[in-house]
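With mmCIF, C-alpha atoms inside, this is entry.cif:
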data_entry
loop_
_atom_site.label_atom_id
_atom_site.label_comp_id
_atom_site.auth_asym_id
_atom_site.auth_seq_id
_atom_site.Cartn_x
_atom_site.Cartn_y
_atom_site.Cartn_z
CA MET X 1 -5.00 6.97 10.04
CA LYS X 2 -5.44 3.26 10.55
CA VAL X 3 -7.46 1.26 8.03
CA PHE X 4 -9.04 -2.08 8.90
CA PHE X 5 -10.40 -4.56 6.37
CA LEU X 6 -13.30 -6.46 7.90
CA LYS X 7 -14.23 -9.90 6.66
CA LYS X 8 -18.00 -10.11 6.40
CA ILE X 9 -19.16 -13.25 8.15
CA ARG X 10 -22.79 -13.05 6.99
CA PRO X 11 -24.91 -10.82 4.74
CA LEU X 12 -26.29 -7.73 6.47
CA SER X 13 -30.00 -7.69 7.21
CA LEU X 14 -32.29 -5.01 5.75
CA ILE X 15 -32.37 -3.15 9.07
CA GLU X 16 -28.55 -3.24 9.32
CA ARG X 17 -28.18 -1.95 5.77
CA GLN X 18 -30.63 0.87 6.48
CA GLY X 19 -28.70 1.70 9.63
CA LEU X 20 -25.48 2.11 7.64
CA ILE X 21 -27.28 4.30 5.10
CA TYR X 22 -28.73 6.44 7.89
CA MET X 23 -25.24 6.96 9.33
CA GLN X 24 -23.91 8.05 5.94
CA ILE X 25 -26.79 10.48 5.52
CA ILE X 26 -26.30 11.92 9.00
CA ARG X 27 -22.62 12.56 8.26
CA THR X 28 -23.55 14.23 4.98
CA LEU X 29 -26.21 16.48 6.53
CA HIS X 30 -23.77 17.66 9.19
CA ASN X 31 -21.43 19.04 6.53
CA PRO X 32 -21.79 22.78 5.81
CA LEU X 33 -23.33 22.48 2.35
CA ARG X 34 -25.38 25.14 0.60
CA SER X 35 -27.45 22.49 -1.13
CA LEU X 36 -27.60 18.74 -1.44
CA THR X 37 -28.76 16.87 -4.53
CA LEU X 38 -30.39 13.48 -4.05
CA SER X 39 -31.02 10.98 -6.82
CA TYR X 40 -32.34 7.44 -6.94
CA SER X 41 -33.24 4.83 -9.55
CA ASN X 42 -36.69 3.98 -10.70
CA ALA X 43 -35.54 0.64 -12.12
CA ASP X 44 -32.80 -1.92 -11.60
CA MET X 45 -30.23 -3.17 -14.15
CA ASP X 46 -32.76 -5.65 -15.54
CA GLY X 47 -35.36 -2.93 -16.12
CA LYS X 48 -37.58 -3.98 -13.22
CA GLU X 49 -39.30 -1.15 -11.40
CA VAL X 50 -38.07 -0.50 -7.86
CA MET X 51 -39.90 1.22 -5.03
CA LYS X 52 -38.81 4.62 -3.78
CA SER X 53 -36.90 4.35 -0.52
CA THR X 54 -38.69 5.28 2.70
CA LEU X 55 -35.73 7.55 3.32
CA MET X 56 -37.08 9.92 0.68
CA THR X 57 -40.38 10.09 2.56
CA ARG X 58 -38.51 11.02 5.74
CA PHE X 59 -36.58 13.70 3.87
CA GLU X 60 -39.84 15.13 2.59
CA ASP X 61 -41.02 15.40 6.21
CA LEU X 62 -37.82 17.15 7.34
CA TYR X 63 -36.95 19.37 4.38
CA GLU X 64 -38.50 21.23 1.53
CA LEU X 65 -37.36 19.21 -1.45
CA ILE X 66 -37.19 20.97 -4.81
CA GLU X 67 -37.20 18.93 -7.99
CA PRO X 68 -34.64 20.65 -10.26
CA SER X 69 -35.22 21.41 -13.89
CA ILE X 70 -32.23 19.75 -15.54
CA ASN X 71 -31.38 20.84 -19.09
CA MET X 72 -30.20 17.46 -20.30
CA MET X 73 -31.50 14.55 -22.31
CA ILE X 74 -32.84 11.81 -20.04
CA HIS X 75 -33.95 8.55 -21.62
CA HIS X 76 -36.84 6.91 -19.88
CA GLU X 77 -36.52 3.78 -21.99
CA GLN X 78 -34.62 0.77 -20.69
CA LEU X 79 -31.26 1.14 -22.45
CA TYR X 80 -29.68 -1.94 -20.88
CA LEU X 81 -32.46 -4.12 -22.28
CA ARG X 82 -31.69 -2.76 -25.75
CA GLY X 83 -27.91 -3.15 -25.52
CA SER X 84 -27.62 0.59 -24.75
CA ARG X 85 -29.12 1.42 -28.13
CA LEU X 86 -32.14 3.47 -29.19
CA PRO X 87 -33.47 2.95 -32.72
CA ASP X 88 -32.31 5.65 -35.16
CA HIS X 89 -30.89 7.88 -32.45
CA PRO X 90 -27.59 9.87 -32.48
CA ILE X 91 -26.72 8.53 -29.02
CA ASN X 92 -25.63 5.28 -30.69
CA GLU X 93 -22.64 6.98 -32.35
CA ALA X 94 -21.59 8.54 -29.03
CA ILE X 95 -21.75 5.13 -27.34
CA ASP X 96 -19.61 3.56 -30.08
CA ASP X 97 -16.97 6.30 -29.72
CA TYR X 98 -16.95 5.85 -25.95
CA ILE X 99 -16.46 2.08 -26.21
CA ALA X 100 -13.64 2.51 -28.74
CA SER X 101 -11.84 5.01 -26.51
CA LYS X 102 -12.11 2.68 -23.52
CA ASN X 103 -10.80 -0.38 -25.33
CA ASN X 104 -7.77 1.25 -26.97
CA ALA X 105 -4.51 1.80 -25.10
CA LYS X 106 -3.43 5.44 -24.95
CA ILE X 107 -0.01 6.15 -26.46
CA ILE X 108 1.70 9.40 -25.45
CA ASP X 109 3.14 11.33 -28.40
CA GLU X 110 6.87 10.78 -28.76
CA VAL X 111 7.74 14.48 -28.34
CA TYR X 112 6.27 14.42 -24.83
CA ARG X 113 7.68 11.11 -23.61
CA ASP X 114 10.77 12.62 -22.00
CA ARG X 115 8.45 14.25 -19.48
CA LEU X 116 7.74 10.79 -18.09
CA GLY X 117 11.28 10.63 -16.66
CA LYS X 118 14.31 8.55 -17.60
CA GLY X 119 15.91 7.48 -14.34
CA MET X 120 13.04 5.77 -12.60
CA SER X 121 12.81 5.33 -8.84
CA VAL X 122 11.53 1.94 -7.75
CA SER X 123 8.40 3.48 -6.21
CA ARG X 124 7.56 5.15 -9.54
CA MET X 125 8.00 1.87 -11.40
CA GLU X 126 5.67 0.16 -8.92
CA THR X 127 3.08 2.90 -9.48
CA TYR X 128 3.25 2.31 -13.24
CA ASN X 129 2.99 -1.43 -12.63
CA LYS X 130 -0.17 -0.94 -10.58
CA CYS X 131 -1.83 1.50 -12.96
CA PRO X 132 -0.17 3.24 -15.94
CA PHE X 133 -2.81 5.95 -16.06
CA GLN X 134 -2.31 6.83 -12.37
CA TYR X 135 1.43 7.08 -13.05
CA TYR X 136 0.85 9.39 -16.01
CA LEU X 137 -1.35 11.81 -14.06
CA LYS X 138 0.95 11.87 -11.03
CA TYR X 139 4.42 11.90 -12.57
CA GLY X 140 3.73 12.91 -16.18
CA LEU X 141 1.14 15.68 -15.79
CA ARG X 142 2.15 16.25 -12.14
CA ILE X 143 -1.40 16.54 -10.88
CA TYR X 144 -1.38 16.30 -7.10
CA PRO X 145 -4.21 16.26 -4.56
CA ARG X 146 -5.10 19.53 -2.88
CA ILE X 147 -2.99 20.20 0.24
CA ASP X 148 -4.82 20.87 3.51
CA ASP X 149 -3.95 21.08 7.20
CA SER X 150 -4.57 17.40 7.91
CA LEU X 151 -1.64 15.14 8.72
CA LYS X 152 -0.63 12.72 6.01
CA PRO X 153 0.58 9.19 6.74
CA THR X 154 3.82 10.03 4.89
CA GLU X 155 4.48 12.93 7.29
CA LEU X 156 4.07 10.72 10.35
CA GLY X 157 6.23 8.10 8.66
CA SER X 158 8.99 10.65 8.01
CA LEU X 159 8.94 11.68 11.68
CA ALA X 160 9.15 8.04 12.81
CA HIS X 161 12.08 7.38 10.44
CA TYR X 162 13.91 10.46 11.71
CA ILE X 163 13.55 9.29 15.31
CA MET X 164 14.92 5.86 14.42
CA GLU X 165 17.87 7.39 12.61
CA LYS X 166 18.79 9.79 15.43
CA CYS X 167 17.85 7.89 18.57
CA LEU X 168 19.13 4.32 18.24
CA ASP X 169 22.50 5.70 19.30
CA ASP X 170 20.95 8.34 21.58
CA PRO X 171 17.94 6.67 23.25
CA GLU X 172 17.74 9.10 26.17
CA HIS X 173 16.78 12.06 23.97
CA VAL X 174 13.89 10.76 21.83
CA HIS X 175 11.61 13.61 22.90
CA GLU X 176 14.20 16.30 22.11
CA HIS X 177 15.08 14.88 18.67
CA ALA X 178 11.40 14.42 17.81
CA PHE X 179 10.43 18.00 18.61
CA ASP X 180 13.42 19.40 16.78
CA TYR X 181 12.01 17.69 13.67
CA ILE X 182 8.44 18.82 14.46
CA HIS X 183 9.63 22.42 14.85
CA ASP X 184 11.37 22.32 11.46
CA HIS X 185 8.78 20.40 9.44
CA LEU X 186 5.39 20.06 11.20
CA GLU X 187 5.12 23.09 13.50
CA LYS X 188 2.22 24.73 11.66
CA LYS X 189 0.12 21.55 11.54
CA TYR X 190 1.08 20.64 15.11
CA GLN X 191 -0.05 23.98 16.56
CA ALA X 192 -3.09 24.57 14.33
CA ASN X 193 -4.97 21.33 14.90
CA MET X 194 -5.55 19.53 18.21
CA ILE X 195 -6.16 16.23 16.42
CA ASN X 196 -2.77 16.53 14.72
CA LYS X 197 -1.18 17.32 18.09
CA PHE X 198 -2.80 14.23 19.61
CA PHE X 199 -1.48 11.90 16.89
CA ILE X 200 2.02 13.37 16.91
CA ASP X 201 2.31 13.24 20.72
CA HIS X 202 1.24 9.61 20.78
CA LEU X 203 3.58 8.74 17.92
CA VAL X 204 6.53 10.17 19.87
CA GLU X 205 5.60 8.06 22.90
CA ASP X 206 5.27 4.96 20.70
CA MET X 207 8.68 5.63 19.20
CA LYS X 208 10.27 5.62 22.65
CA VAL X 209 9.12 1.98 22.90
CA ASN X 210 10.31 1.18 19.36
CA VAL X 211 13.77 2.58 20.04
CA ARG X 212 14.08 0.41 23.16
CA VAL X 213 12.88 -2.68 21.28
CA VAL X 214 15.26 -2.24 18.33
CA ARG X 215 18.22 -1.63 20.64
CA ASN X 216 17.29 -4.79 22.54
CA GLN X 217 17.14 -6.75 19.27
CA LEU X 218 20.62 -5.53 18.34
CA ASP X 219 21.95 -6.55 21.76
CA HIS X 220 20.81 -10.14 21.17
CA ASP X 221 22.38 -10.86 17.78
CA SER X 222 25.78 -10.84 16.11
CA PHE X 223 24.95 -8.28 13.41
CA THR X 224 26.16 -4.72 13.90
CA VAL X 225 24.74 -1.56 12.33
CA THR X 226 26.97 -0.15 9.59
CA GLY X 227 24.67 2.52 8.20
CA TYR X 228 21.49 4.52 8.83
CA GLU X 229 19.62 6.16 5.95
CA GLN X 230 22.24 4.80 3.58
CA PRO X 231 21.95 6.10 -0.01
CA ILE X 232 22.20 3.56 -2.79
CA GLN X 233 22.20 3.94 -6.56
CA GLY X 234 23.16 1.98 -9.64
CA LEU X 235 21.75 0.00 -12.54
CA PHE X 236 19.06 -2.59 -12.06
CA GLY X 237 19.29 -4.41 -15.36
CA ASP X 238 19.72 -1.41 -17.66
CA ILE X 239 17.52 0.91 -15.58
CA PRO X 240 19.16 3.61 -13.42
CA VAL X 241 17.62 3.59 -9.94
CA GLY X 242 18.47 4.93 -6.52
CA GLY X 243 17.07 5.34 -3.04
CA ILE X 244 17.66 5.23 0.70
CA ILE X 245 18.00 2.10 2.89
CA ASP X 246 16.79 2.75 6.43
CA ARG X 247 19.36 0.48 8.06
CA VAL X 248 22.22 -1.78 6.94
CA ASP X 249 23.68 -4.42 9.30
CA CYS X 250 26.70 -6.64 8.71
CA PHE X 251 28.04 -9.92 10.10
CA GLU X 252 31.16 -11.54 8.66
CA HIS X 253 30.53 -11.48 4.87
CA TYR X 254 26.74 -11.15 5.19
CA MET X 255 24.63 -7.99 4.99
CA ARG X 256 21.13 -7.46 6.32
CA ILE X 257 18.90 -4.58 5.26
CA ILE X 258 15.95 -3.37 7.33
CA ASP X 259 13.09 -1.11 6.30
CA TYR X 260 11.14 0.76 9.00
CA LYS X 261 7.42 0.93 8.29
CA SER X 262 4.69 2.94 10.01
CA GLY X 263 2.21 0.19 9.09
CA ASP X 264 2.27 -3.54 8.40
CA LYS X 265 4.24 -4.71 5.39
CA ASP X 266 5.62 -8.05 4.32
CA LEU X 267 7.46 -9.45 1.33
CA ASN X 268 5.24 -11.58 -0.90
CA LEU X 269 7.54 -13.38 -3.34
CA ASP X 270 4.71 -14.25 -5.76
CA PHE X 271 3.74 -10.59 -6.07
CA ALA X 272 7.39 -9.47 -6.11
CA ALA X 273 8.04 -11.61 -9.20
CA GLN X 274 5.26 -9.57 -10.86
CA GLY X 275 6.76 -6.22 -9.88
CA PHE X 276 5.08 -5.47 -6.53
CA ASN X 277 6.86 -4.46 -3.31
CA ILE X 278 10.26 -4.91 -4.92
CA GLN X 279 11.98 -1.80 -3.58
CA MET X 280 14.01 -3.55 -0.88
CA LEU X 281 14.89 -6.44 -3.19
CA VAL X 282 16.25 -3.97 -5.75
CA TYR X 283 18.23 -2.14 -3.04
CA LEU X 284 19.60 -5.47 -1.81
CA ASP X 285 20.78 -6.27 -5.35
CA LEU X 286 22.44 -2.84 -5.73
CA LEU X 287 24.12 -3.12 -2.31
CA LYS X 288 25.41 -6.59 -3.15
CA LYS X 289 27.09 -5.22 -6.29
CA GLU X 290 28.52 -2.25 -4.39
CA THR X 291 29.86 -4.05 -1.30
CA LYS X 292 30.53 -7.57 -2.69
CA LEU X 293 28.84 -8.93 0.47
CA ASP X 294 26.39 -11.84 0.47
CA PRO X 295 22.69 -11.14 1.13
CA GLY X 296 21.70 -12.30 4.61
CA ALA X 297 18.22 -10.91 5.24
CA ILE X 298 15.64 -8.44 4.03
CA LEU X 299 13.39 -7.42 6.92
CA TYR X 300 10.55 -5.02 7.69
CA TYR X 301 10.17 -3.58 11.17
CA SER X 302 6.68 -2.21 11.89
CA MET X 303 6.73 0.93 14.05
CA LYS X 304 2.97 1.02 14.59
CA ARG X 305 1.49 0.63 18.06
CA ARG X 306 0.91 -2.98 19.11
CA ILE X 307 -1.94 -4.26 21.21
CA LEU X 308 0.22 -6.37 23.48
CA THR X 309 -1.03 -9.48 25.26
CA HIS X 310 0.20 -11.03 28.49
CA ALA X 311 0.86 -14.77 28.33
CA ILE X 312 -1.16 -15.37 31.52
CA ASP X 313 -3.99 -12.87 31.92
CA LYS X 314 -4.23 -11.89 28.23
CA LYS X 315 -4.60 -8.24 29.18
CA TYR X 316 -2.54 -5.21 28.36
CA THR X 317 -3.87 -1.64 28.42
CA LEU X 318 -2.38 1.46 26.89
CA HIS X 319 -1.48 2.61 30.42
CA SER X 320 0.23 -0.60 31.52
CA ALA X 321 3.93 -0.50 32.30
CA PHE X 322 5.94 -1.79 29.35
CA ASP X 323 8.07 -4.81 30.23
CA LEU X 324 10.63 -5.05 27.42
CA ASP X 325 11.70 -8.63 28.13
CA LYS X 326 8.14 -9.89 28.40
CA TYR X 327 6.89 -8.34 25.16
CA HIS X 328 10.05 -8.52 23.06
CA ALA X 329 8.63 -11.30 20.85
CA GLN X 330 5.62 -9.13 19.95
CA PHE X 331 7.95 -7.06 17.76
CA THR X 332 9.09 -9.83 15.40
CA MET X 333 10.00 -8.42 12.01
CA LYS X 334 8.60 -9.61 8.69
CA GLY X 335 10.45 -10.40 5.49
CA TYR X 336 12.92 -13.18 4.64
CA VAL X 337 16.24 -14.57 5.81
CA ILE X 338 18.56 -15.79 3.03
CA ASP X 339 20.45 -18.79 4.36
CA ASP X 340 21.92 -22.19 3.49
CA GLU X 341 21.61 -25.51 5.34
CA LYS X 342 24.19 -24.40 7.94
CA TYR X 343 21.82 -21.59 9.03
CA THR X 344 24.73 -19.24 9.68
CA VAL X 345 22.64 -16.08 9.22
CA THR X 346 19.72 -17.45 11.25
CA ASN X 347 21.91 -18.28 14.23
CA ALA X 348 23.63 -14.88 14.04
CA CYS X 349 20.26 -13.11 14.40
CA ASP X 350 18.16 -12.57 17.49
CA ILE X 351 15.76 -15.44 16.79
CA ALA X 352 12.86 -13.63 18.45
CA SER X 353 13.15 -10.71 16.04
CA ILE X 354 13.18 -12.57 12.69
CA PRO X 355 10.30 -14.44 11.00
CA ILE X 356 11.70 -17.91 11.73
CA ASN X 357 10.59 -20.58 14.20
CA LEU X 358 13.13 -23.21 15.18
CA LYS X 359 12.25 -26.83 15.94
CA LYS X 360 13.85 -28.80 18.76
CA ASP X 361 16.64 -29.95 16.45
CA GLY X 362 17.52 -26.33 15.66
CA THR X 363 16.18 -26.31 12.09
CA PRO X 364 13.46 -23.93 10.88
CA ASP X 365 9.89 -25.20 10.61
CA LYS X 366 7.92 -25.11 7.36
CA HIS X 367 6.27 -21.79 8.21
CA SER X 368 9.59 -19.95 8.56
CA HIS X 369 10.40 -17.25 6.02
CA ILE X 370 13.74 -18.54 4.86
CA ILE X 371 14.96 -18.89 1.27
CA SER X 372 18.16 -20.07 -0.35
CA GLN X 373 20.50 -17.87 -2.35
CA GLU X 374 19.61 -19.96 -5.41
CA LYS X 375 15.89 -19.18 -5.06
CA LEU X 376 16.63 -15.51 -4.44
CA ASP X 377 18.71 -15.38 -7.64
CA PHE X 378 15.83 -16.98 -9.57
CA ILE X 379 13.34 -14.43 -8.22
CA MET X 380 15.70 -11.53 -8.95
CA GLU X 381 16.03 -12.73 -12.55
CA LEU X 382 12.24 -12.77 -12.87
CA ILE X 383 11.99 -9.27 -11.40
CA THR X 384 14.75 -7.91 -13.66
CA ASN X 385 13.06 -9.27 -16.79
CA TYR X 386 9.65 -8.07 -15.67
CA ILE X 387 10.77 -4.53 -14.78
CA THR X 388 12.81 -4.22 -17.98
CA GLU X 389 9.75 -5.03 -20.07
CA LEU X 390 7.64 -2.68 -17.94
CA TYR X 391 10.15 0.13 -18.37
CA GLU X 392 10.15 -0.31 -22.15
CA LYS X 393 6.36 0.07 -22.19
CA LEU X 394 6.61 3.20 -20.08
CA ARG X 395 9.28 4.77 -22.30
CA ALA X 396 7.14 3.94 -25.35
CA GLY X 397 4.40 6.13 -23.87
CA ASN X 398 1.98 3.27 -23.29
CA ILE X 399 -0.53 4.66 -20.75
CA PRO X 400 -3.69 2.52 -20.75
CA ILE X 401 -6.40 2.71 -18.09
CA LEU X 402 -5.52 -0.74 -16.79
CA PRO X 403 -5.39 -1.00 -12.98
CA THR X 404 -4.22 -4.27 -11.50
CA LYS X 405 -6.18 -6.68 -9.35
CA SER X 406 -5.06 -9.91 -7.71
CA ASP X 407 -6.95 -13.16 -8.18
CA ASN X 408 -7.37 -13.44 -4.39
CA ASN X 409 -8.58 -9.82 -4.01
CA ASN X 410 -5.52 -8.76 -2.03
CA PRO X 411 -6.19 -5.07 -1.18
CA SER X 412 -2.52 -4.11 -1.45
CA ILE X 413 -2.53 -4.91 -5.18
CA TYR X 414 -5.68 -2.97 -6.11
CA PRO X 415 -4.63 0.67 -6.79
CA CYS X 416 -8.15 2.13 -7.10
CA THR X 417 -8.96 1.83 -3.38
CA PHE X 418 -7.31 5.10 -2.31
CA CYS X 419 -6.59 6.58 -5.73
CA ASP X 420 -6.73 10.39 -5.93
CA TYR X 421 -7.56 10.22 -9.64
CA LYS X 422 -10.64 7.98 -9.71
CA SER X 423 -12.87 10.82 -10.88
CA VAL X 424 -10.50 11.55 -13.78
CA CYS X 425 -9.88 8.17 -15.39
CA LEU X 426 -13.59 7.26 -15.56
CA PHE X 427 -12.89 3.54 -15.26
CA ASP X 428 -16.01 1.79 -16.56
CA VAL X 429 -16.74 -1.73 -15.30
CA PHE X 430 -18.66 -2.49 -18.49
CA TYR X 431 -15.80 -1.65 -20.87
CA ASN X 432 -12.53 -1.58 -18.90
CA GLU X 433 -10.75 -4.57 -17.45
CA ASN X 434 -8.24 -5.12 -14.66
CA ARG X 435 -4.84 -6.70 -15.29
CA LEU X 436 -4.93 -9.90 -13.25
CA ILE X 437 -2.06 -10.62 -10.83
CA LYS X 438 -1.56 -14.25 -9.80
CA SER X 439 -1.30 -15.01 -6.09
CA LYS X 440 0.37 -18.38 -6.82
CA TYR X 441 2.64 -17.14 -9.58
CA LEU X 442 5.84 -19.01 -8.62
CA SER X 443 4.11 -22.37 -8.16
CA THR X 444 2.38 -21.86 -11.52
CA LEU X 445 5.77 -21.28 -13.18
CA LYS X 446 7.11 -24.42 -11.53
CA GLU X 447 4.19 -26.49 -12.81
CA GLU X 448 4.59 -25.10 -16.32
CA GLU X 449 8.32 -25.90 -16.27
CA ALA X 450 7.59 -29.47 -15.10
CA ASN X 451 5.03 -29.95 -17.88
CA GLU X 452 7.51 -28.74 -20.48
CA GLN X 453 10.06 -31.32 -19.32
CA LEU X 454 7.58 -34.19 -19.69
#

Here is a file; write its structure as structure tokens.
Amino acid sequence: MKVFFLKKIRPLSLIERQGLIYMQIIRTLHNPLRSLTLSYSNADMDGKEVMKSTLMTRFEDLYELIEPSINMMIHHEQLYLRGSRLPDHPINEAIDDYIASKNNAKIIDEVYRDRLGKGMSVSRMETYNKCPFQYYLKYGLRIYPRIDDSLKPTELGSLAHYIMEKCLDDPEHVHEHAFDYIHDHLEKKYQANMINKFFIDHLVEDMKVNVRVVRNQLDHDSFTVTGYEQPIQGLFGDIPVGGIIDRVDCFEHYMRIIDYKSGDKDLNLDFAAQGFNIQMLVYLDLLKKETKLDPGAILYYSMKRRILTHAIDKKYTLHSAFDLDKYHAQFTMKGYVIDDEKYTVTNACDIASIPINLKKDGTPDKHSHIISQEKLDFIMELITNYITELYEKLRAGNIPILPTKSDNNNPSIYPCTFCDYKSVCLFDVFYNENRLIKSKYLSTLKEEEANEQL
């Protein structure tokens, strides 16, 4: 499934808003439901009366609507105008208890804390960093979403990773390797659902292109592959972690690690210093300790289908012949190159495949993603301190309902968007808060350090 975030250029008109509502209603009515309950407000948040939607009139024309007899206390008075209070009413005590429970952090009893896990994977730590309560439900209580026959993004991602592992050295047999994996892991879903079959078949065809592109990238640089799906484990600070690196390349005394992604992903150093998207940085640190090699690059290769453009006619269809040389630059990886002023690592890489643009004098421009070893060490120190403190909170059983949110509304930081547990935590916008993540964190630290020196 591909998700697109659309930037709204202008407010929607009344007719456009009604059109979207109509579409949602049509989708709902086409579901095989025994009954459907409709509700609407008689007043807005300020207590002003609002008119009943014309949609209700249309429903009354199409269906026989039955007003249910609900055995519950409904207050017709405007609670928000009274601070959610009714004079001399027992509801006030219930509201006070609710507010107190929302404002207090939940601490797991010490006898149960071992169930939270001791040796944390990086992905688990990132989940706790995003939302402690989501972590607790998923890894503490082990509550998982219901499994159905639909394909999950993780399943497609595992297939794509398997093809990369097996076929970079055997590019002529992508189809055979892919269907060996499908037979062993996805056969039931592949045969039972034509939509699943469509997505899997197209993914295999896309991966044939990706294998050709990655092999071409390797042919144009001085790095050589030294490991696929390489396991790594060790201590990050005092925390035991481990994982798998998709690919490790080496050149002289430099190492380069590459992560294959089924979607778009980049390394944001400001967010990394606050514990987000740190998995590859942690693996790089562990590999450095294990091999004694110098970090050269941390890169993300996106395996998703590109909409390719021709430099002249600006057209490329899904049925066009793929010209590897012409479209090679469309597959530039994201991430960072770690280099000094000699640019040894940069020049050893296929320049078209790394996120660096060279000027006429051979030096990178200001938009290039290149950092020094000194800056990388500084960021790793920040991450180590941050994760150590985070881990101590986790082991103390601190599980507040406190999802994160970035100050620039970056969707990758907000964990509630696709959370499977939204109906459980009952996050209340009136009483709960988000933990704010700074999009300019490193520059803020630099300014604070400069002010301290004055």

Could you write out as a short mmCIF file (atom, residue, chain, number, x, y, z; two decimals) with C-alpha atoms, in the coordinates of the input the residues that the PyMOL selection byres ((chain X and resi 421) around 10) matches in the shown file?
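Resulting contents of out36.cif:
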data_model
loop_
_atom_site.label_atom_id
_atom_site.label_comp_id
_atom_site.auth_asym_id
_atom_site.auth_seq_id
_atom_site.Cartn_x
_atom_site.Cartn_y
_atom_site.Cartn_z
CA PHE X 133 -2.81 5.95 -16.06
CA GLN X 134 -2.31 6.83 -12.37
CA LEU X 137 -1.35 11.81 -14.06
CA LYS X 138 0.95 11.87 -11.03
CA ILE X 143 -1.40 16.54 -10.88
CA TYR X 144 -1.38 16.30 -7.10
CA PRO X 145 -4.21 16.26 -4.56
CA CYS X 416 -8.15 2.13 -7.10
CA PHE X 418 -7.31 5.10 -2.31
CA CYS X 419 -6.59 6.58 -5.73
CA ASP X 420 -6.73 10.39 -5.93
CA LYS X 422 -10.64 7.98 -9.71
CA SER X 423 -12.87 10.82 -10.88
CA VAL X 424 -10.50 11.55 -13.78
CA CYS X 425 -9.88 8.17 -15.39
CA LEU X 426 -13.59 7.26 -15.56
#

Show me the residues around (15.9, 17.7, 14.7) - criterion: an atom at most 12 Å away, only C-alpha atoms counted - as number ranges by chain. X: 158-167, 173-186

Any idea what's packed within 12 Å of X:Pro403, counting only C-alpha atoms, ignoring anything in its chain fewer than 2 positions away? Could you give it as a ChimeraX atom specification? /X:126-135,399-401,405-406,413-417,419,421-422,425-429,432-437

For a quick check of understanding, using only C-alpha atoms, which of X:Asp109, X:Asp259, X:Glu389, X:Asp365 has the smallest distance to X:Met333? X:Asp259

Using the chain letters and numbering of this document, enumerate as a list of chain:residue names the residues selected by the PyMOL selection byres ((chain X and resi 201) around 12). X:Leu156, X:Leu159, X:Ala160, X:Val174, X:His175, X:Ala178, X:Phe179, X:Ile182, X:Tyr190, X:Gln191, X:Met194, X:Ile195, X:Asn196, X:Lys197, X:Phe198, X:Phe199, X:Ile200, X:His202, X:Leu203, X:Val204, X:Glu205, X:Asp206, X:Met207, X:Lys208

Atom CA of X:Ser39 and atom CA of X:Asp88 are how many Å apart? 28.9 Å

When you draw a straight line from atom CA of X:Asn193 to atom CA of X:Lys152, how long is it in Å?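 Computed distance, atom CA of X:Asn193 to atom CA of X:Lys152, equals 13.1 Å.
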
Looking at X:Ile298, X:Leu402, X:Met120, X:Val225, which one is nearest to X:Asp238, with distances taken over only C-alpha atoms?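 Among the listed residues, the smallest separation from X:Asp238 belongs to X:Met120.
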
Given all atoms listed in the file as the counted atoms, nearest of X:Tyr327, X:Phe430, X:Tyr336, X:Tyr391 to X:Ile370: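 Of the candidates, the smallest distance to X:Ile370 is held by X:Tyr336.
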
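With atom CA of X:Asn210 on one side and atom CA of X:Ser222 on the other, the separation reads 19.9 Å.
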
Let me make sure I understand: among X:Asp264, X:Glu341, X:Tyr283, X:Ala273, which one has the smallest atom-to-atom distance to X:Gln230 if we use only C-alpha atoms?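 Checking each of X:Asp264, X:Glu341, X:Tyr283, X:Ala273 against X:Gln230, counting only C-alpha atoms, the winner is X:Tyr283.
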
Using all atoms listed in the file, which of X:Gly237, X:Lys342, X:Met380, X:Lys326 sits nearest X:Met280?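 Using all atoms listed in the file, the shortest distance to X:Met280 belongs to X:Met380.
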
Name the residues within 10 Å of (23.2, -18.7, 7.7), counting only C-alpha atoms in the file's coordinates, and put them as a list in words. Tyr254, Gly296, Ala297, Val337, Ile338, Asp339, Asp340, Glu341, Lys342, Tyr343, Thr344, Val345, Thr346, Asn347, Ala348, Cys349, Ile370 and Ser372 of chain X

Counting all atoms listed in the file, which residue out of X:Arg58, X:Arg215, X:Lys334, X:Lys106 sits closest to X:Ile257?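 Of X:Arg58, X:Arg215, X:Lys334, X:Lys106, the one nearest X:Ile257 is X:Lys334, counting all atoms listed in the file.
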
Expand the PyMOL selection byres ((chain X and resi 113) around 12) into the individual residues it matches in the shown file, reporting them as number ranges by chain. X: 107-112, 114-118, 136, 139-141, 392-399

Report as an MDAnalysis selection string all protein, DNA and RNA residues lying within 12 Å of X:Ile25, evaluated on all atoms listed in the file, omitting residues in the same chain fewer than 4 positions from it. chainID X and resid 18:21 29:31 36 38 55:56 58:59
